[in-house]
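Scroll down for the structure; my scribbles are underneath it.
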Amino acid sequence: MGSTGLSRVHAVAANTFRETIREKVLYNLVFFAVLMTLSGLLLKPLSIRQDEKIIKDIGLASIELFGTLIALFMGVSLVSKEIERHSLHPLLAKPVSRGEFLLGKFAGLAFTLFVNVAVMTLGLYATLWATRRGAGLEMLQAVLAIYLGLLLVVAVALLFSTVTSSALALVLSVCAVVVGHFADVIRNMREVAPAVPTWATQVLYFALPNLRNFDLKTRVVYGDPVRASDLGWIALYAAAYVGVVLGLAFAAFRSKDLQ
Amino acid sequence: MRWPRLAWLLFAPLVPLAQTRIDGSLGAFRAQEEVLYLWSGDQVRRLFPGLEGVMADVYWLRTVQYFGGQRVFATEKRFDLLEPLIDITVTLDPRFEIAYRYGASFLAEPWPIGAGKPEAAVALLERGVANMPQSWLLQQHLGFYTYFFLRDPSRAADALLAARKLPGAPPWLETMAADFLAKAGDRETSRKMWARLYEQQEEGPLKRNALNQLQRLDALDQADVLERGASEFRRRWGRWPESLRELGQAGLLPFAPVDPTGVPYQYDPRDGKVEIAAASPLWRHPGPLGSGLR
Amino acid sequence: MASRTDPPLEIVGITKAYPVGFLARQRRLALDSLSLSLAAGELLGYLGPNGSGKTTTLKILTGLIFPDSGSVTVLGEPLASRGWRYRVGYLPERPYLYDYLTPNEYLDYAGRLFGMGAETRRARAKELLRQVGLEDSADVVMRRFSKGMVQRVGLAQALLNDPELVLLDEPMSGLDPLGRRLVRNIILDLKARGRTVLFSTHILSDAETLCDRVAVLRSGKLLAVGRLDQILDVGVSALEVLVSVPGATFPQLPAGVRVHPAMSERVRLDVPEGALAPVVAAVEGAGGKILSVLPTRQSLEDYFVQEMGPPAEGAWAPRD
């Protein structure tokens with residue numbers, strides 16, 4: 001008998017996905033679908049160009065909002081609830097390492113988010129087609145960017161939940177998300193507080209998750225082009241940031257006593 | 001087991017690298033797109049009940065980032081967004097005093113410093129005066145801007161006198177009002193006005209701008225001297241000098257022909273006119289109302 | 001290199017301290033230089049009152065918490081190595097298994113972590129659930145289960161990989177008498193198949209009936225380790241005589257005999273050694289009957305009470 005690291009990570013990931021389904025997290029999709037359909041129907045009588053824009057706006061914003069909520073709530077319960085409820089205990093005695101466990105959790109949640117986002121995107125396209133306002137594939141660029149941003153949120157939530165209780169982890173994660181959306185303010189803090197040294201604002205700016213990087217919504221809705229290289233850099237940022245955060249989470253988790 | 005260290009070494013430097021690239025290509029100040037969405041202050045206010053103060057700060061920060069801040073003379077500004085941003089800021093927080101002052105400056109100054117919309121600036125100050133009737137400083141600014149940018153000395157003087165009546169107002173407001181009325185268009189009066197503003201302003205874009213305006217007035221004086229020199233040259237030799245250097249060779253150059261920021265003046269040998277060079281920080285686009293007084 | 005002749009478990013000088021007090025200045029020793037060794041195929045009872053460090057020990061063994069000093073060797077391999085985990089099973093105290101899964105799904109998940117093939121997982125799950133008496137609820141989501149049922153699934157997951165060494169933390173907790181008998185039989189079966197079992201409990205009767213050796217823990221220190229008959233005083237100290245005495249006249253009993261009323265006319269007498277003959281004579285003389293005579297040995301409970309006595313340092317009992 002012997003298992004490989006990858007198979008163990010896969011087992012944890014698969015179970016995590018199963019958990020999100022069984023915990024009825026995906027019911028929000030139903031709500032979203034309803035929201036989309038209603039907005040599509042209600043806005044039809046409006047002026048010709050506006051309803052398409054509004055549907056796209058609401059659609060993309062909803063994907064981002066619901067995705068963020070899922071990422072936050074599930075991300076926090078990933079580890080902190082497991083620690084609090086001691087459900088980790090029988091599992092960690094088995095050949096799976098803490099790092100594999102963490103990675104599996106992240107992968108499982110990334111997949112959950114992917115499914116969520118995919119279904120919501122399909123719903124958005126369906127609404128647009130149903131209301132005779134077609135939509136091209138450019139919207140997928142914004143959706144991809146949103147998804148990458150959600151991975152950051154999950155990683156941050158996971159990090160906080162390895163170091164603190166589920167309640168505090170949730171609060172901290174929400175704060176990180178809010179601050180992340182105002183990253184430009186951090187970067188340019190010196191404009192209004194010149195006493196702050198430049199290196200300090202720089203460090204803070206790079207250390208905090210810059211969620212504005214993933215906001216291509218307006219661009220796409222107005223039809224401004226998004227270069228492939230832009231998406232590439234955004235993806236690289238996401239991968240790098242997630243890597244750093246998961247590394248921190250692993251460092252915090254591996255020597256933690258699980259009472 | 002060396003995972004975390006490896007992750008750090010590999011991933012950590014990629015974060016600032018990717019971020020800088022993204023900022024470079026998509027723009028570091030992407031708040032502009034939000035403003036395209038939200039086109040009025042009232043709409044924004046309705047979105048953030050209870051958080052107006054904080055949101056006013058945020059929008060103000062964004063305004064400053066674009067139009068002032070450490071880079072007063074930067075060229076990548078979006079003037080079309082200036083008015084909506086300021087409008088949102090003061091709608092969210094009608095007593096945001098510096099927003100009126102700085103906003104007026106950003107709006108009134110001609111390109112490339114500001115948006116070149118002096119009427120909008122004055123309208124903003126009027127709004128500020130209406131929302132903060134006890135502020136003599138805003139009244140004073142209203143007066144100054146009406147004088148300098150709208151070239152309406154009598155309205156300006158009225159504003160200054162109204163300011164004088166408010167608590168805490170300094171006495172020199174009366175003298176200044178008198179100067180406005182008596183010596184309208186005089187460079188000396190403008191100089192006094194900008195000197196006051198320079199004294200009053202805290203460190204930052206407005207102080208620097210006031211200094212800039214003072215230097216500009218000096219530069220204009222110097223340009224006049226150089227033009228007189230050129231005229232003298234013409235009187236003696238029947239033609240305009242080819243260049244300022246030639247003027248210097250003829251002994252008619254009393255000082256080095258550079259403006260107070262060190263940028264050489266521009267000389268047109270066809271008509272003997274000396275102007276501030278376009279590359280100088282003191283340069284202003286002429287525009288419909290001109291760049292203040294000549 | 002691990003070999004077959006290595007002891008399945010060897011604990012040497014394990015110490016674990018926790019900071020306590022307001023600014024975490026003082027340290028409480030949960031385990032104080034604990035050393036213990038298991039022989040292959042033995043059934044060791046790990047005993048001690050709540051807070052003595054039993055669960056701490058097991059959590060250190062399974063890598064859930066980290067000792068301050070000392071070393072542990074499991075099946076010949078160091079604690080940090082992964083290999084021994086394929087051959088060890090662990091049942092935590094009051095196990096929380098995912099309540100959104102069914103027992104089959106949980107065991108399938110655990111089986112994947114061991115790298116068991118799909119067929120093997122299915123077969124083992126079926127077999128184990130049958131052994132713990134849950135074959136009818138194998139596909140019921142565990143949210144619906146009673147504590148005892150979850151406990152039994154816990155035992156099933158501990159034995160999934162047919163481990164050589166089994167670590168059980170309070171395996172009988174939450175079980176009704178039927179469940180306890182089930183677990184007892186499973187443990188005996190493990191022993192019969194040559195597996196090594198360490199189980200911690202504070203139910204002494206279980207230890208008495210099942211274990212080869214016991215280790216007694218108090219306040220993080222090993223009080224005694226050894227065969228029961230080594231720890232307990234096996235000499236017959238007294239006799240327990242059950243008599244039936246009708247009527248009002250109570251026989252005149254020799255000194256040193258304690259009388260405990262039993263049921264109706266029955267009386268239980270604690271008779272010191274050597275005093276048996278006069279007691280029998282007295283009872284029969286009064287018209288009573290001798291019902292039974294049993295030697296009393298010191299029980300583990302007596303030993304416990306005698307050794308544990310008043311609580312150790314401080315009146316509070318810290319968490320185990």
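Lettering and numbering for the structure tokens are positional, with chains as A, B, ... in the shown order, residues counted from 1 in each chain, and ligands counted from 1 in the shown order.
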
Tell me which protein, DNA and RNA residues are within 9 Å of region 184-191 of chain C, counting only C-alpha atoms, leaving out same-chain ones fewer than 3 positions away, and put them as a short mmCIF file (atom, residue, chain, number, x, y, z; two decimals) with N, CA and C atoms, in the first residue's frame.
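Here's the written file around.cif:
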```cif
data_model
loop_
_atom_site.label_atom_id
_atom_site.label_comp_id
_atom_site.auth_asym_id
_atom_site.auth_seq_id
_atom_site.Cartn_x
_atom_site.Cartn_y
_atom_site.Cartn_z
N GLY C 41 2.76 -7.24 19.86
CA GLY C 41 1.63 -8.11 20.16
C GLY C 41 1.01 -7.90 21.51
N GLU C 42 1.45 -6.91 22.26
CA GLU C 42 0.86 -6.77 23.58
C GLU C 42 -0.28 -5.78 23.57
N LEU C 43 -1.07 -5.89 24.60
CA LEU C 43 -2.22 -5.01 24.75
C LEU C 43 -1.95 -4.20 26.01
N GLN C 131 -18.13 -5.38 11.04
CA GLN C 131 -17.54 -5.69 12.34
C GLN C 131 -18.04 -4.75 13.44
N VAL C 132 -18.22 -3.50 13.10
CA VAL C 132 -18.68 -2.56 14.13
C VAL C 132 -20.20 -2.46 14.17
N VAL C 166 -2.16 -0.22 16.95
CA VAL C 166 -3.43 0.50 17.03
C VAL C 166 -3.42 1.36 18.29
N MET C 172 -14.16 3.17 24.36
CA MET C 172 -15.49 2.78 24.81
C MET C 172 -16.41 3.96 25.05
N GLY C 179 -22.41 -1.90 22.49
CA GLY C 179 -21.29 -1.33 21.75
C GLY C 179 -19.97 -1.64 22.43
N ARG C 180 -20.00 -1.56 23.76
CA ARG C 180 -18.76 -1.81 24.47
C ARG C 180 -18.30 -3.24 24.28
N ARG C 181 -19.27 -4.14 24.29
CA ARG C 181 -18.90 -5.53 24.09
C ARG C 181 -18.32 -5.73 22.70
N GLY C 194 -2.21 -10.92 16.78
CA GLY C 194 -0.82 -10.51 16.97
C GLY C 194 -0.58 -9.02 16.82
N ARG C 195 -1.65 -8.22 16.77
CA ARG C 195 -1.45 -6.78 16.66
C ARG C 195 -1.10 -6.18 18.02
N THR C 196 -0.44 -5.05 17.98
CA THR C 196 -0.12 -4.35 19.22
C THR C 196 -1.16 -3.26 19.43
N VAL C 197 -1.67 -3.20 20.65
CA VAL C 197 -2.73 -2.21 20.91
C VAL C 197 -2.38 -1.39 22.14
N ASP C 206 -12.35 -2.17 32.21
CA ASP C 206 -11.92 -2.57 30.87
C ASP C 206 -10.46 -2.97 30.89
N LEU C 210 -8.93 -6.70 29.91
CA LEU C 210 -8.34 -6.86 28.58
C LEU C 210 -6.82 -6.87 28.54
#
```

Output as CSV one row per residue of chain A within 9 Å of chain C: the closest atom pair and its distance in Å to one decimal place, counting only C-alpha atoms, sorted by chain and residue number ascending.
```
residue,atom,partner,partner_atom,distance
A:Met1,CA,C:Gly115,CA,6.0
A:Gly2,CA,C:Gly115,CA,4.9
A:Ser3,CA,C:Gly115,CA,3.9
A:Thr4,CA,C:Gly115,CA,7.3
A:Ser7,CA,C:Arg112,CA,7.6
A:Arg8,CA,C:Leu113,CA,5.3
A:Val9,CA,C:Leu113,CA,8.7
A:Ala11,CA,C:Arg112,CA,6.3
A:Val12,CA,C:Tyr109,CA,7.9
A:Ala14,CA,C:Tyr109,CA,9.0
A:Asn15,CA,C:Tyr109,CA,7.3
A:Arg18,CA,C:Leu101,CA,8.8
A:Glu19,CA,C:Tyr100,CA,7.0
A:Arg22,CA,C:Tyr100,CA,6.3
A:Glu23,CA,C:Tyr100,CA,7.5
A:Arg85,CA,C:Tyr96,CA,6.6
A:His86,CA,C:Tyr96,CA,6.1
A:Ser87,CA,C:Tyr96,CA,4.9
A:Leu88,CA,C:Tyr96,CA,8.3
A:His89,CA,C:Pro92,CA,6.8
A:Pro90,CA,C:Pro92,CA,6.4
A:Leu91,CA,C:Ala110,CA,7.2
A:Leu92,CA,C:Leu64,CA,7.2
A:Ala93,CA,C:Thr62,CA,5.0
A:Lys94,CA,C:Arg85,CA,5.4
A:Pro95,CA,C:Arg85,CA,5.1
A:Val96,CA,C:Leu113,CA,6.3
A:Ser97,CA,C:Arg82,CA,8.2
A:Ser255,CA,C:Phe66,CA,7.4
A:Lys256,CA,C:Ile65,CA,7.2
A:Asp257,CA,C:Ile65,CA,4.3
A:Leu258,CA,C:Leu64,CA,5.4
A:Gln259,CA,C:Ile65,CA,7.2
```

Pull N, CA and C atoms from the residues just selected and write them as an mmCIF file, in the first residue's frame.
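What landed in again-v1.cif:
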```cif
data_model
loop_
_atom_site.group_PDB
_atom_site.id
_atom_site.type_symbol
_atom_site.label_atom_id
_atom_site.label_comp_id
_atom_site.auth_asym_id
_atom_site.auth_seq_id
_atom_site.Cartn_x
_atom_site.Cartn_y
_atom_site.Cartn_z
ATOM 1 N N MET A 1 0.841 -1.198 0.000
ATOM 2 C CA MET A 1 0.000 0.000 0.000
ATOM 3 C C MET A 1 0.871 1.241 0.000
ATOM 4 N N GLY A 2 0.556 2.174 -0.821
ATOM 5 C CA GLY A 2 1.326 3.418 -0.818
ATOM 6 C C GLY A 2 0.609 4.441 -1.669
ATOM 7 N N SER A 3 0.610 5.651 -1.220
ATOM 8 C CA SER A 3 -0.064 6.684 -2.006
ATOM 9 C C SER A 3 0.951 7.750 -2.375
ATOM 10 N N THR A 4 0.697 8.438 -3.462
ATOM 11 C CA THR A 4 1.596 9.527 -3.831
ATOM 12 C C THR A 4 1.052 10.838 -3.288
ATOM 13 N N SER A 7 -1.864 12.094 -5.251
ATOM 14 C CA SER A 7 -3.138 11.404 -5.049
ATOM 15 C C SER A 7 -3.757 11.825 -3.730
ATOM 16 N N ARG A 8 -2.917 12.102 -2.736
ATOM 17 C CA ARG A 8 -3.466 12.520 -1.450
ATOM 18 C C ARG A 8 -4.060 13.918 -1.555
ATOM 19 N N VAL A 9 -3.296 14.810 -2.234
ATOM 20 C CA VAL A 9 -3.822 16.159 -2.433
ATOM 21 C C VAL A 9 -5.148 16.086 -3.176
ATOM 22 N N ALA A 11 -7.243 13.620 -3.176
ATOM 23 C CA ALA A 11 -8.292 13.090 -2.290
ATOM 24 C C ALA A 11 -8.844 14.195 -1.401
ATOM 25 N N VAL A 12 -7.958 15.007 -0.837
ATOM 26 C CA VAL A 12 -8.400 16.108 0.025
ATOM 27 C C VAL A 12 -9.217 17.109 -0.790
ATOM 28 N N ALA A 14 -10.900 16.605 -3.550
ATOM 29 C CA ALA A 14 -12.197 16.051 -3.933
ATOM 30 C C ALA A 14 -13.162 16.089 -2.760
ATOM 31 N N ASN A 15 -12.665 15.751 -1.582
ATOM 32 C CA ASN A 15 -13.534 15.791 -0.414
ATOM 33 C C ASN A 15 -13.970 17.211 -0.083
ATOM 34 N N ARG A 18 -16.687 18.098 -2.339
ATOM 35 C CA ARG A 18 -17.901 17.420 -1.904
ATOM 36 C C ARG A 18 -18.511 18.140 -0.714
ATOM 37 N N GLU A 19 -17.643 18.618 0.163
ATOM 38 C CA GLU A 19 -18.119 19.355 1.335
ATOM 39 C C GLU A 19 -18.887 20.599 0.909
ATOM 40 N N ARG A 22 -22.255 19.590 -0.350
ATOM 41 C CA ARG A 22 -23.158 19.109 0.690
ATOM 42 C C ARG A 22 -23.553 20.225 1.647
ATOM 43 N N GLU A 23 -22.670 21.203 1.821
ATOM 44 C CA GLU A 23 -23.014 22.291 2.722
ATOM 45 C C GLU A 23 -23.872 23.333 2.024
ATOM 46 N N ARG A 85 -13.129 21.919 15.445
ATOM 47 C CA ARG A 85 -13.961 20.729 15.650
ATOM 48 C C ARG A 85 -13.150 19.451 15.769
ATOM 49 N N HIS A 86 -11.867 19.548 15.633
ATOM 50 C CA HIS A 86 -10.986 18.379 15.731
ATOM 51 C C HIS A 86 -11.218 17.360 14.619
ATOM 52 N N SER A 87 -11.797 17.780 13.515
ATOM 53 C CA SER A 87 -12.018 16.783 12.463
ATOM 54 C C SER A 87 -10.730 16.440 11.729
ATOM 55 N N LEU A 88 -9.710 17.267 11.978
ATOM 56 C CA LEU A 88 -8.411 16.974 11.375
ATOM 57 C C LEU A 88 -7.729 15.789 12.032
ATOM 58 N N HIS A 89 -8.066 15.549 13.298
ATOM 59 C CA HIS A 89 -7.264 14.610 14.091
ATOM 60 C C HIS A 89 -7.147 13.215 13.501
ATOM 61 N N PRO A 90 -8.275 12.586 13.158
ATOM 62 C CA PRO A 90 -8.084 11.241 12.605
ATOM 63 C C PRO A 90 -7.336 11.263 11.269
ATOM 64 N N LEU A 91 -7.486 12.355 10.518
ATOM 65 C CA LEU A 91 -6.883 12.374 9.184
ATOM 66 C C LEU A 91 -5.391 12.616 9.217
ATOM 67 N N LEU A 92 -4.938 13.506 10.065
ATOM 68 C CA LEU A 92 -3.520 13.826 10.066
ATOM 69 C C LEU A 92 -2.665 12.698 10.615
ATOM 70 N N ALA A 93 -3.309 11.729 11.296
ATOM 71 C CA ALA A 93 -2.540 10.580 11.751
ATOM 72 C C ALA A 93 -2.214 9.655 10.581
ATOM 73 N N LYS A 94 -2.914 9.851 9.484
ATOM 74 C CA LYS A 94 -2.686 9.026 8.303
ATOM 75 C C LYS A 94 -1.521 9.587 7.508
ATOM 76 N N PRO A 95 -1.129 8.897 6.443
ATOM 77 C CA PRO A 95 0.079 9.331 5.735
ATOM 78 C C PRO A 95 0.030 10.714 5.103
ATOM 79 N N VAL A 96 -1.073 11.453 5.219
ATOM 80 C CA VAL A 96 -1.132 12.757 4.568
ATOM 81 C C VAL A 96 -0.423 13.805 5.423
ATOM 82 N N SER A 97 0.385 14.643 4.788
ATOM 83 C CA SER A 97 1.110 15.664 5.539
ATOM 84 C C SER A 97 0.264 16.932 5.630
ATOM 85 N N SER A 255 3.910 23.750 12.269
ATOM 86 C CA SER A 255 4.381 23.505 13.622
ATOM 87 C C SER A 255 3.345 23.909 14.660
ATOM 88 N N LYS A 256 2.102 23.970 14.216
ATOM 89 C CA LYS A 256 1.047 24.374 15.141
ATOM 90 C C LYS A 256 0.584 23.157 15.937
ATOM 91 N N ASP A 257 0.495 23.311 17.250
ATOM 92 C CA ASP A 257 -0.070 22.239 18.069
ATOM 93 C C ASP A 257 -1.580 22.244 17.875
ATOM 94 N N LEU A 258 -2.141 21.088 17.574
ATOM 95 C CA LEU A 258 -3.590 21.005 17.383
ATOM 96 C C LEU A 258 -4.222 20.424 18.630
ATOM 97 N N GLN A 259 -4.743 21.278 19.464
ATOM 98 C CA GLN A 259 -5.249 20.797 20.747
ATOM 99 C C GLN A 259 -6.535 20.036 20.596
#
```

8 Å contact set for region 113-122 of chain B, only C-alpha atoms, chain neighbours under 2 positions out, as a list in words: Phe67, Val72, Phe73, Phe79, Asp80, Leu82, Gly103, Ala104, Ser105, Phe106, Leu107, Ala108, Glu109, Pro110, Trp111, Leu124, Leu125, Glu126, Leu142, Tyr145, Thr146, Phe149, Leu150, Arg284 and Gly287 of chain B

Would you kindly return, as an mmCIF file with N, CA and C atoms, in the first residue's frame, each protein, DNA or RNA residue with an atom no farther than 10 Å from any atom of Phe255 (chain B), considering only C-alpha atoms and excluding same-chain residues fewer than 4 positions away?
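The resulting selection33.cif:
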```cif
data_model
loop_
_atom_site.group_PDB
_atom_site.id
_atom_site.type_symbol
_atom_site.label_atom_id
_atom_site.label_comp_id
_atom_site.auth_asym_id
_atom_site.auth_seq_id
_atom_site.Cartn_x
_atom_site.Cartn_y
_atom_site.Cartn_z
ATOM 1 N N GLN B 222 11.060 89.781 -16.355
ATOM 2 C CA GLN B 222 12.338 89.621 -17.035
ATOM 3 C C GLN B 222 12.170 89.610 -18.540
ATOM 4 N N VAL B 225 11.992 93.036 -19.776
ATOM 5 C CA VAL B 225 13.308 93.684 -19.825
ATOM 6 C C VAL B 225 14.049 93.250 -21.083
ATOM 7 N N LEU B 226 13.995 91.929 -21.351
ATOM 8 C CA LEU B 226 14.705 91.428 -22.536
ATOM 9 C C LEU B 226 14.108 92.014 -23.807
ATOM 10 N N GLY B 248 23.309 89.714 -26.132
ATOM 11 C CA GLY B 248 24.336 89.720 -25.110
ATOM 12 C C GLY B 248 25.654 90.271 -25.641
#
```

Distance filter 7 Å, only C-alpha atoms, chain A against chain B, as a PyMOL selection string: chain A and resi 184-185+188+191+206+218+230+233-234+236-237+240-241+243-244+247-248+250-251

Polymer residues at most 10 Å from Thr162 (chain A), only C-alpha atoms, same-chain spacing of 5 or more positions, as a count of residues only: 18

Interatomic distance, CA of Asp221 (chain B) to CA of Ala178 (chain B) (Å, one decimal):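 So the answer is 23.3 Å.
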
All strand (DSSP E) residues (DSSP, backbone) inside region 197-273 of chain B, as number ranges by chain: B: 266-268, 273

Could you save those same residues with N, CA and C atoms as a short mmCIF file (atom, residue, chain, number, x, y, z; two decimals), in the first residue's frame?
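Generated output (selection38.cif):
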```
data_model
loop_
_atom_site.label_atom_id
_atom_site.label_comp_id
_atom_site.auth_asym_id
_atom_site.auth_seq_id
_atom_site.Cartn_x
_atom_site.Cartn_y
_atom_site.Cartn_z
N GLN B 266 12.41 81.96 -24.65
CA GLN B 266 12.27 81.73 -26.08
C GLN B 266 12.22 83.08 -26.77
N TYR B 267 13.03 83.24 -27.82
CA TYR B 267 13.08 84.54 -28.49
C TYR B 267 12.69 84.36 -29.95
N ASP B 268 11.81 85.25 -30.41
CA ASP B 268 11.40 85.19 -31.80
C ASP B 268 12.05 86.36 -32.56
N LYS B 273 9.90 89.29 -29.83
CA LYS B 273 9.14 88.93 -28.62
C LYS B 273 9.90 87.88 -27.82
#
```

DSSP alpha helix (DSSP H) residues within region 137-270 of chain B, as number ranges by chain: B: 137-148, 153-164, 172-182, 187-200, 205-237, 244-249

d(CA of Val274 (chain B), CA of Pro112 (chain B)) in Å: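 Going from CA of Val274 (chain B) over to CA of Pro112 (chain B) covers 20.3 Å.
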